>>> print(open('input-v6.cif').read())   # mmCIF, C-alpha atoms and all ligand atoms
data_start
#
loop_
_atom_site.label_atom_id
_atom_site.label_comp_id
_atom_site.auth_asym_id
_atom_site.auth_seq_id
_atom_site.Cartn_x
_atom_site.Cartn_y
_atom_site.Cartn_z
CA MET A 1 -18.30 26.69 29.74
CA ILE A 2 -16.09 24.73 27.33
CA ASP A 3 -17.94 22.13 25.22
CA ALA A 4 -16.86 18.53 25.89
CA PRO A 5 -15.01 16.99 22.88
CA PRO A 6 -17.21 14.68 20.74
CA PRO A 7 -16.95 11.01 21.76
CA ALA A 8 -14.15 9.17 20.00
CA TYR A 9 -14.68 5.97 18.03
CA ALA A 10 -15.05 3.09 20.46
CA GLY A 11 -15.46 0.08 18.14
CA PRO A 12 -13.06 -2.81 17.51
CA GLN A 13 -9.49 -2.25 16.31
CA ARG A 14 -9.13 -3.42 12.74
CA VAL A 15 -6.41 -3.31 10.06
CA PHE A 16 -7.14 -2.60 6.39
CA SER A 17 -4.78 -2.14 3.46
CA GLY A 18 -4.56 -2.87 -0.24
CA MET A 19 -2.36 -2.92 -3.32
CA GLN A 20 -3.11 -2.22 -6.95
CA PRO A 21 -2.85 -4.99 -9.53
CA THR A 22 -1.21 -2.60 -12.01
CA ASN A 23 1.87 -4.78 -12.35
CA GLY A 24 3.76 -7.39 -10.34
CA LEU A 25 4.72 -6.35 -6.81
CA HIS A 26 8.23 -5.11 -6.04
CA LEU A 27 10.56 -4.81 -3.09
CA GLY A 28 9.11 -1.41 -2.10
CA ASN A 29 5.61 -2.89 -1.86
CA TYR A 30 7.04 -5.79 0.15
CA LEU A 31 9.06 -3.76 2.66
CA GLY A 32 6.72 -0.76 2.82
CA ALA A 33 3.53 -2.71 3.28
CA LEU A 34 3.39 -6.47 2.75
CA GLN A 35 5.86 -7.39 5.48
CA LYS A 36 3.72 -5.37 7.91
CA PHE A 37 0.53 -7.07 6.66
CA VAL A 38 2.03 -10.37 7.80
CA ALA A 39 3.30 -9.14 11.17
CA LEU A 40 0.01 -7.43 12.11
CA GLN A 41 -2.02 -10.63 11.81
CA THR A 42 -1.00 -11.80 15.26
CA LYS A 43 -2.35 -8.65 16.91
CA TYR A 44 -5.36 -7.49 14.88
CA GLU A 45 -8.29 -8.58 12.76
CA CYS A 46 -6.82 -7.85 9.29
CA ILE A 47 -8.50 -7.19 5.95
CA TYR A 48 -6.30 -7.12 2.84
CA CYS A 49 -7.69 -6.09 -0.50
CA VAL A 50 -6.48 -6.24 -4.11
CA VAL A 51 -7.65 -2.83 -5.26
CA ASP A 52 -8.65 -3.38 -8.88
CA LEU A 53 -11.01 -0.35 -8.91
CA HIS A 54 -7.92 1.76 -8.24
CA ALA A 55 -5.97 -0.05 -10.95
CA ILE A 56 -8.34 1.03 -13.74
CA THR A 57 -7.54 4.70 -13.02
CA ALA A 58 -4.37 3.99 -15.01
CA GLY A 59 -6.30 2.16 -17.78
CA PRO A 60 -4.63 -1.29 -17.74
CA ASP A 61 -5.30 -3.99 -20.34
CA PRO A 62 -8.68 -5.61 -19.51
CA ASN A 63 -7.31 -8.94 -20.77
CA GLU A 64 -4.66 -8.88 -18.06
CA LEU A 65 -6.45 -7.35 -15.08
CA ALA A 66 -7.91 -10.58 -13.66
CA ALA A 67 -4.56 -12.41 -13.94
CA LYS A 68 -2.71 -9.53 -12.27
CA THR A 69 -5.37 -9.43 -9.56
CA ARG A 70 -4.78 -13.12 -8.81
CA GLU A 71 -1.02 -12.50 -8.89
CA VAL A 72 -1.23 -9.82 -6.17
CA ALA A 73 -3.44 -12.10 -4.06
CA ALA A 74 -0.85 -14.88 -4.54
CA ALA A 75 1.90 -12.48 -3.39
CA TYR A 76 -0.03 -11.72 -0.19
CA ILE A 77 -0.37 -15.41 0.61
CA ALA A 78 3.17 -16.32 -0.47
CA ALA A 79 4.58 -13.59 1.77
CA GLY A 80 2.72 -15.04 4.76
CA VAL A 81 -0.80 -13.57 4.90
CA ASP A 82 -2.93 -16.47 6.13
CA PRO A 83 -6.34 -16.52 4.37
CA ALA A 84 -7.84 -18.57 7.20
CA ARG A 85 -7.00 -15.87 9.70
CA SER A 86 -7.10 -12.64 7.64
CA ILE A 87 -9.56 -11.63 4.94
CA ILE A 88 -8.09 -11.47 1.41
CA PHE A 89 -10.47 -10.24 -1.29
CA VAL A 90 -10.87 -8.23 -4.50
CA GLN A 91 -12.20 -4.68 -4.18
CA SER A 92 -14.64 -4.79 -7.13
CA ALA A 93 -16.32 -7.89 -5.65
CA VAL A 94 -17.70 -5.78 -2.78
CA ARG A 95 -19.90 -3.13 -4.44
CA GLU A 96 -20.17 -1.07 -1.26
CA HIS A 97 -16.67 0.36 -1.95
CA SER A 98 -18.02 2.32 -4.92
CA GLU A 99 -21.19 3.30 -3.07
CA LEU A 100 -19.36 4.72 -0.06
CA ALA A 101 -16.87 6.46 -2.37
CA TRP A 102 -19.78 8.40 -3.91
CA VAL A 103 -21.00 9.52 -0.49
CA PHE A 104 -17.44 10.58 0.35
CA ASN A 105 -17.17 12.46 -2.96
CA CYS A 106 -19.89 14.68 -1.58
CA ILE A 107 -17.95 15.13 1.69
CA ALA A 108 -14.42 15.76 0.37
CA ARG A 109 -13.60 19.25 -0.92
CA MET A 110 -11.92 19.99 -4.25
CA GLY A 111 -9.21 21.93 -2.44
CA TRP A 112 -8.31 18.88 -0.34
CA LEU A 113 -7.77 16.77 -3.44
CA GLU A 114 -5.93 19.50 -5.31
CA ARG A 115 -3.24 19.36 -2.63
CA MET A 116 -2.49 15.63 -3.17
CA THR A 117 1.11 15.36 -4.33
CA GLN A 118 0.77 11.82 -5.74
CA PHE A 119 -1.77 13.04 -8.32
CA LYS A 120 0.54 15.91 -9.25
CA ASP A 121 3.49 13.48 -9.59
CA LYS A 122 1.51 11.01 -11.71
CA ALA A 123 -0.20 13.63 -13.86
CA GLY A 124 2.85 15.84 -14.39
CA LYS A 125 1.95 18.73 -16.68
CA HIS A 126 -1.01 16.92 -18.20
CA THR A 127 -3.68 17.11 -15.50
CA GLU A 128 -6.43 17.85 -18.03
CA ARG A 129 -5.74 14.54 -19.79
CA MET A 130 -5.89 12.43 -16.62
CA SER A 131 -8.98 10.43 -15.67
CA VAL A 132 -11.29 11.88 -13.04
CA GLY A 133 -10.74 8.53 -11.28
CA LEU A 134 -7.02 9.22 -10.83
CA PHE A 135 -7.82 12.60 -9.27
CA ASP A 136 -10.47 11.02 -7.06
CA TYR A 137 -8.30 8.03 -6.08
CA PRO A 138 -7.75 9.12 -2.45
CA VAL A 139 -11.51 9.41 -1.87
CA LEU A 140 -12.01 5.80 -2.98
CA GLN A 141 -9.10 4.89 -0.71
CA ALA A 142 -10.89 6.56 2.23
CA ALA A 143 -14.00 4.55 1.38
CA ASP A 144 -11.96 1.30 1.27
CA ILE A 145 -10.66 1.89 4.78
CA LEU A 146 -13.76 3.34 6.43
CA LEU A 147 -16.16 0.79 4.91
CA TYR A 148 -14.68 -1.58 7.51
CA LYS A 149 -14.22 1.11 10.17
CA ALA A 150 -10.52 0.20 10.06
CA THR A 151 -8.45 1.84 12.77
CA HIS A 152 -4.95 1.02 11.46
CA VAL A 153 -3.56 1.12 7.93
CA PRO A 154 -0.10 -0.31 7.12
CA VAL A 155 1.31 1.62 4.13
CA GLY A 156 4.54 3.03 2.75
CA GLU A 157 5.53 6.64 3.33
CA ASP A 158 4.10 7.73 -0.06
CA GLN A 159 0.58 7.11 1.26
CA LYS A 160 0.87 9.36 4.33
CA GLN A 161 -0.96 12.30 2.73
CA HIS A 162 -3.79 10.08 1.49
CA LEU A 163 -4.25 8.71 5.00
CA GLU A 164 -4.52 12.25 6.36
CA LEU A 165 -7.27 12.87 3.82
CA SER A 166 -9.09 9.72 5.00
CA ARG A 167 -9.01 11.12 8.53
CA ASP A 168 -10.38 14.48 7.31
CA ILE A 169 -13.21 12.74 5.43
CA ALA A 170 -14.10 10.59 8.46
CA GLN A 171 -14.11 13.64 10.71
CA LYS A 172 -16.25 15.72 8.34
CA PHE A 173 -18.75 12.88 7.85
CA ASN A 174 -19.07 12.48 11.64
CA ASN A 175 -19.62 16.24 11.99
CA ASP A 176 -21.92 16.79 9.00
CA TYR A 177 -24.22 13.90 9.89
CA GLN A 178 -24.16 14.48 13.65
CA ALA A 179 -22.61 11.06 14.12
CA PRO A 180 -19.80 11.64 16.63
CA GLY A 181 -17.42 8.67 16.76
CA PHE A 182 -19.25 6.89 13.90
CA PHE A 183 -16.13 6.54 11.79
CA PRO A 184 -12.72 6.08 13.44
CA LEU A 185 -9.88 8.39 12.39
CA PRO A 186 -7.57 5.72 10.89
CA GLU A 187 -3.93 5.66 11.98
CA PRO A 188 -1.25 5.05 9.35
CA LEU A 189 1.38 2.46 10.29
CA ILE A 190 4.41 3.70 8.37
CA GLN A 191 7.53 3.42 10.52
CA GLY A 192 10.56 1.23 9.77
CA PRO A 193 13.53 1.29 7.39
CA GLY A 194 11.43 -0.09 4.49
CA ALA A 195 8.87 2.74 4.55
CA ARG A 196 10.39 4.45 1.51
CA ILE A 197 12.38 2.31 -0.93
CA MET A 198 13.82 4.27 -3.82
CA SER A 199 14.52 3.41 -7.46
CA LEU A 200 17.77 1.48 -7.96
CA ARG A 201 18.74 4.03 -10.61
CA GLU A 202 17.67 7.36 -9.09
CA GLY A 203 17.75 7.96 -5.35
CA ALA A 204 15.20 10.76 -5.57
CA LYS A 205 12.47 8.61 -7.20
CA LYS A 206 10.53 5.94 -5.34
CA MET A 207 10.69 2.35 -6.53
CA SER A 208 7.49 1.94 -8.51
CA LYS A 209 5.55 -0.65 -10.49
CA SER A 210 4.85 1.86 -13.22
CA ASP A 211 8.45 2.93 -13.85
CA PRO A 212 9.10 2.05 -17.51
CA SER A 213 12.53 0.59 -16.66
CA ASP A 214 12.52 -2.83 -14.97
CA MET A 215 16.13 -2.15 -13.86
CA THR A 216 14.82 0.39 -11.32
CA ARG A 217 13.11 -2.24 -9.17
CA ILE A 218 13.43 -5.72 -7.72
CA ASN A 219 10.25 -7.65 -8.51
CA LEU A 220 9.11 -10.30 -6.05
CA THR A 221 9.28 -12.80 -8.92
CA ASP A 222 12.85 -11.93 -10.05
CA ASP A 223 15.21 -14.90 -10.06
CA THR A 224 18.70 -14.85 -8.54
CA ASP A 225 20.41 -13.84 -11.81
CA ALA A 226 18.04 -10.90 -12.31
CA ILE A 227 18.55 -9.74 -8.71
CA MET A 228 22.36 -10.03 -9.00
CA ASN A 229 22.34 -8.08 -12.27
CA LYS A 230 20.04 -5.30 -11.01
CA ILE A 231 22.01 -4.80 -7.79
CA LYS A 232 25.32 -4.88 -9.69
CA LYS A 233 24.04 -2.13 -12.01
CA ALA A 234 22.37 -0.08 -9.22
CA THR A 235 23.64 3.50 -9.09
CA THR A 236 26.28 4.17 -6.40
CA ASP A 237 29.41 6.34 -6.18
CA PRO A 238 33.15 5.61 -6.05
CA LEU A 239 33.49 6.13 -2.26
CA PRO A 240 33.44 3.27 0.26
CA LEU A 241 30.42 2.84 2.57
CA PRO A 242 30.46 5.27 5.49
CA GLU A 243 31.07 4.15 9.08
CA SER A 244 28.04 6.03 10.45
CA GLN A 245 24.65 7.38 9.33
CA GLU A 246 25.93 10.96 9.00
CA GLY A 247 28.12 9.75 6.15
CA LEU A 248 24.99 8.81 4.17
CA ALA A 249 23.93 12.46 3.83
CA GLY A 250 23.87 13.54 0.18
CA ARG A 251 24.30 9.90 -0.98
CA ALA A 252 20.66 9.00 -1.62
CA GLU A 253 21.36 5.86 -3.71
CA VAL A 254 23.80 4.49 -1.12
CA GLU A 255 21.39 5.27 1.71
CA ASN A 256 18.69 3.37 -0.18
CA LEU A 257 20.81 0.23 -0.61
CA VAL A 258 21.89 0.30 3.04
CA GLY A 259 18.23 0.78 4.06
CA ILE A 260 17.22 -2.22 1.94
CA TYR A 261 19.93 -4.35 3.56
CA ALA A 262 18.80 -3.24 7.03
CA ALA A 263 15.12 -3.91 6.32
CA MET A 264 15.74 -7.31 4.72
CA SER A 265 18.08 -8.47 7.47
CA GLU A 266 15.90 -6.92 10.21
CA ARG A 267 18.89 -5.03 11.56
CA SER A 268 19.44 -1.34 12.22
CA ILE A 269 21.22 0.95 9.73
CA ASP A 270 23.95 1.43 12.36
CA ALA A 271 24.49 -2.33 12.61
CA VAL A 272 24.77 -2.62 8.81
CA LEU A 273 27.29 0.24 8.68
CA ARG A 274 29.30 -1.34 11.51
CA GLU A 275 29.68 -4.41 9.33
CA PHE A 276 30.22 -2.74 5.94
CA GLY A 277 31.58 0.75 6.82
CA GLY A 278 34.89 1.40 5.04
CA LYS A 279 34.27 -1.44 2.55
CA GLY A 280 33.61 -0.86 -1.15
CA PHE A 281 30.56 -1.76 -3.23
CA GLY A 282 32.48 -4.73 -4.65
CA VAL A 283 31.89 -6.31 -1.22
CA PHE A 284 28.53 -4.79 -0.27
CA LYS A 285 26.59 -5.30 -3.50
CA PRO A 286 27.12 -9.10 -3.74
CA ALA A 287 26.21 -9.44 -0.04
CA LEU A 288 23.02 -7.44 -0.62
CA ALA A 289 22.11 -9.38 -3.76
CA GLU A 290 22.63 -12.70 -1.97
CA LEU A 291 20.48 -11.59 0.95
CA LEU A 292 17.68 -10.47 -1.40
CA ALA A 293 17.84 -13.66 -3.46
CA ALA A 294 17.73 -15.86 -0.33
CA LYS A 295 14.77 -13.97 1.19
CA LEU A 296 12.72 -13.57 -2.00
CA ALA A 297 13.26 -17.03 -3.58
CA PRO A 298 10.78 -18.84 -1.28
CA ILE A 299 8.14 -16.14 -1.90
CA ALA A 300 8.62 -16.38 -5.67
CA ALA A 301 8.41 -20.19 -5.54
CA GLU A 302 5.19 -20.09 -3.51
CA MET A 303 3.73 -17.48 -5.90
CA ARG A 304 4.46 -19.77 -8.84
CA ARG A 305 2.75 -22.66 -7.05
CA LEU A 306 -0.33 -20.56 -6.23
CA ASN A 307 -0.55 -19.01 -9.70
CA ALA A 308 -0.52 -22.47 -11.25
CA ASP A 309 -3.88 -23.18 -9.56
CA PRO A 310 -6.18 -20.20 -10.28
CA GLY A 311 -9.23 -22.23 -9.16
CA ALA A 312 -7.85 -22.54 -5.62
CA LEU A 313 -6.96 -18.83 -5.53
CA ASP A 314 -10.45 -17.91 -6.74
CA ALA A 315 -11.99 -20.00 -3.94
CA ILE A 316 -9.91 -18.05 -1.37
CA LEU A 317 -10.95 -14.73 -2.95
CA ARG A 318 -14.65 -15.71 -3.07
CA ASP A 319 -14.56 -16.66 0.60
CA GLY A 320 -12.71 -13.41 1.39
CA ALA A 321 -15.31 -11.33 -0.49
CA GLU A 322 -18.14 -12.96 1.47
CA ARG A 323 -16.43 -12.26 4.78
CA ALA A 324 -15.62 -8.68 3.72
CA ARG A 325 -19.23 -8.09 2.60
CA ALA A 326 -20.52 -9.38 5.93
CA ILE A 327 -18.64 -6.52 7.66
CA ALA A 328 -19.19 -3.87 4.98
CA ALA A 329 -22.93 -4.27 4.30
CA PRO A 330 -24.23 -3.30 7.77
CA ILE A 331 -21.82 -0.33 7.95
CA MET A 332 -22.98 0.85 4.51
CA ALA A 333 -26.62 0.38 5.56
CA GLU A 334 -25.97 2.62 8.55
CA VAL A 335 -24.32 5.22 6.30
CA ARG A 336 -27.38 5.16 4.01
CA GLY A 337 -29.60 5.75 7.02
CA ARG A 338 -27.42 8.62 8.32
CA VAL A 339 -27.38 10.28 4.88
CA GLY A 340 -31.17 9.93 4.68
CA PHE A 341 -31.52 7.79 1.54
CA TRP A 342 -34.97 6.39 0.85
CA GLU A 343 -35.50 2.89 2.16
CA ALA A 344 -38.45 0.69 1.05
N1 LIG A 401 8.93 2.53 -3.05
C1 LIG A 401 8.15 2.18 -2.03
N2 LIG A 401 8.66 2.10 -0.78
C2 LIG A 401 7.87 1.72 0.27
N3 LIG A 401 6.55 1.42 0.14
C3 LIG A 401 6.02 1.51 -1.10
N4 LIG A 401 4.77 1.28 -1.56
C4 LIG A 401 4.75 1.49 -2.90
N5 LIG A 401 5.95 1.86 -3.33
C5 LIG A 401 6.78 1.88 -2.23
C6 LIG A 401 3.65 0.84 -0.75
O1 LIG A 401 3.09 -0.33 -1.34
C7 LIG A 401 1.69 -0.34 -1.13
C8 LIG A 401 0.94 -0.65 -2.39
O2 LIG A 401 0.98 0.41 -3.27
P1 LIG A 401 -0.08 0.52 -4.47
O3 LIG A 401 -0.15 -0.74 -5.21
O4 LIG A 401 -1.37 1.02 -3.99
O5 LIG A 401 0.51 1.64 -5.39
P2 LIG A 401 1.57 2.73 -5.19
O6 LIG A 401 1.68 3.22 -3.79
O7 LIG A 401 1.27 3.79 -6.19
O8 LIG A 401 2.84 1.87 -5.50
P3 LIG A 401 3.64 1.69 -6.81
O9 LIG A 401 4.35 0.40 -6.71
O10 LIG A 401 4.46 2.88 -7.09
O11 LIG A 401 2.56 1.50 -7.92
P4 LIG A 401 2.21 2.34 -9.21
O12 LIG A 401 3.50 2.51 -9.93
O13 LIG A 401 1.22 1.46 -9.90
O14 LIG A 401 1.62 3.63 -8.74
C9 LIG A 401 1.33 1.01 -0.49
O15 LIG A 401 1.19 0.83 0.90
C10 LIG A 401 2.53 1.86 -0.78
O16 LIG A 401 2.73 2.85 0.21
#
>>> encode(input="input-v6.cif", output="structure tokens")
Amino acid sequence: MIDAPPPAYAGPQRVFSGMQPTNGLHLGNYLGALQKFVALQTKYECIYCVVDLHAITAGPDPNELAAKTREVAAAYIAAGVDPARSIIFVQSAVREHSELAWVFNCIARMGWLERMTQFKDKAGKHTERMSVGLFDYPVLQAADILLYKATHVPVGEDQKQHLELSRDIAQKFNNDYQAPGFFPLPEPLIQGPGARIMSLREGAKKMSKSDPSDMTRINLTDDTDAIMNKIKKATTDPLPLPESQEGLAGRAEVENLVGIYAAMSERSIDAVLREFGGKGFGVFKPALAELLAAKLAPIAAEMRRLNADPGALDAILRDGAERARAIAAPIMAEVRGRVGFWEA
């Protein structure tokens, strides 16, 4: 007789995601994740976190961390996350994230983490000098998601491998503690032309907050002049834009700019190439820069307004932390019981 498969998770559908306050957010964060955060609110209960515990793996300036944390929260709201509908909070304000991460540290295997390409990319040749926290980052990420039994996680393509690890951890916890269906196996929501936005200077490198050159990225707070200048100086080649997608092969920087145009205008790559195919970058780049400036200016203006009133932002984050804790605490209590911790 074949054993029946263990029961699947049957709880509510819930979205969780987060961003690190390591620096201001950029176009890759916006198109890869933030735009989806906004769209998902109409369909799901959504929980959006500013992941400051993750940020300290890179050792940022303690005098700036709180301000950057508020700035990321402001970006969420300015982009359209509604704090009355969705939960917006700061990771370190809900202590259960660290507690569940420890339990998961005892579930995850060294070999699983050693395969994570983002750690290898960030550490380069100097793994022995990196913090244990940076190595362990994907385990904390699994705890962030599963602390809320989130079923869906909107992220950029670079997070796909980490999400697979979250699924492995959930599965192993359910098996090890004879708790079939206790944790869901979270689904990444990655699709779309904005899932992987590359550096404006090098088509093989993703656009990143931590790139030392500001010319590689469009920040959400860049003004029109900065956007025009960065797009003007973005790497391209002397050929005109191709008429079809096949013509983008081997032209990573061009493909990236066309992808950005498509994502920002909510059109397909084919539609963009129908309009610009055969034209030079002297036509395409100003059109792209104008589109970016028009779409990002209202977000930047709203961020400035929100950042000017840190008291109001703090009130939103306090309320968010309370609502997050109300979901997290009973789930963590159940984990403690499953693991067998002493209870008075
Ligand atoms: N270039 C990108 N294209 C599409 N999506 C991206 N994301 C990041 N870069 C791109 C998505 O943004 C979300 C937040 O990411 P994070 O703050 O957790 O850090 P990260 O993924 O490591 O992003 P950065 O900007 O490159 O930060 P640093 O330089 O600090 O490491 C995630 O959903 C991510 O997929």
>>> residues_near_ligand(input="input-v6.cif", ligand="ligand LIG 401 (chain A)", cutoff="9 Å", atoms="only C-alpha atoms and all ligand atoms", output="number ranges by chain")
A: 17-34, 50-51, 54-55, 58, 118, 122, 153-160, 190, 194-199, 205-211, 217
>>> residues_around(input="input-v6.cif", residues="Thr57 in chain A", least_positions_apart="6", cutoff="9 Å", atoms="all atoms listed in the file", output="count of residues only")
7
>>> residues_around(input="input-v6.cif", residues="range 244-255 of chain A", least_positions_apart="3", cutoff="12 Å", atoms="all atoms listed in the file", output="PyMOL selection string")
chain A and resi 193-194+196-207+216+231+233-241+258-262+268-278+280-281+284-285+288
>>> atom_distance(input="input-v6.cif", atom1="CA of Asn174 in chain A", atom2="CA of Asp3 in chain A")
16.7 Å
>>> atom_distance(input="input-v6.cif", atom1="CA of Gly192 in chain A", atom2="CA of Arg267 in chain A")
10.6 Å
>>> atom_distance(input="input-v6.cif", atom1="CA of Leu296 in chain A", atom2="CA of Lys68 in chain A")
19.0 Å
>>> residues_around(input="input-v6.cif", residues="Ala79 in chain A", least_positions_apart="6", cutoff="9 Å", atoms="only C-alpha atoms", output="tab-separated table (two decimals) with C-alpha atoms, in the frame of the given file")
chain	number	residue	atom	x	y	z
A	30	TYR	CA	7.04	-5.79	0.15
A	34	LEU	CA	3.39	-6.47	2.75
A	35	GLN	CA	5.86	-7.39	5.48
A	38	VAL	CA	2.03	-10.37	7.80
A	296	LEU	CA	12.72	-13.57	-2.00
A	298	PRO	CA	10.78	-18.84	-1.28
A	299	ILE	CA	8.14	-16.14	-1.90
A	300	ALA	CA	8.62	-16.38	-5.67
A	302	GLU	CA	5.19	-20.09	-3.51
A	303	MET	CA	3.73	-17.48	-5.90
>>> closest_residue(input="input-v6.cif", among="A:Asn175, A:Ser98, A:Asn63, A:Thr221", to="Leu147 in chain A", atoms="all atoms listed in the file")
A:Ser98
>>> closest_residue(input="input-v6.cif", among="A:Ala143, A:Ala73, A:Leu65, A:Ala123", to="Val103 in chain A", atoms="all atoms listed in the file")
A:Ala143
>>> residues_near_point(input="input-v6.cif", point="(19.5, -6.5, -11.8)", cutoff="10 Å", atoms="all atoms listed in the file", output="MDAnalysis selection string")
chainID A and resid 200 214:219 222:234 289
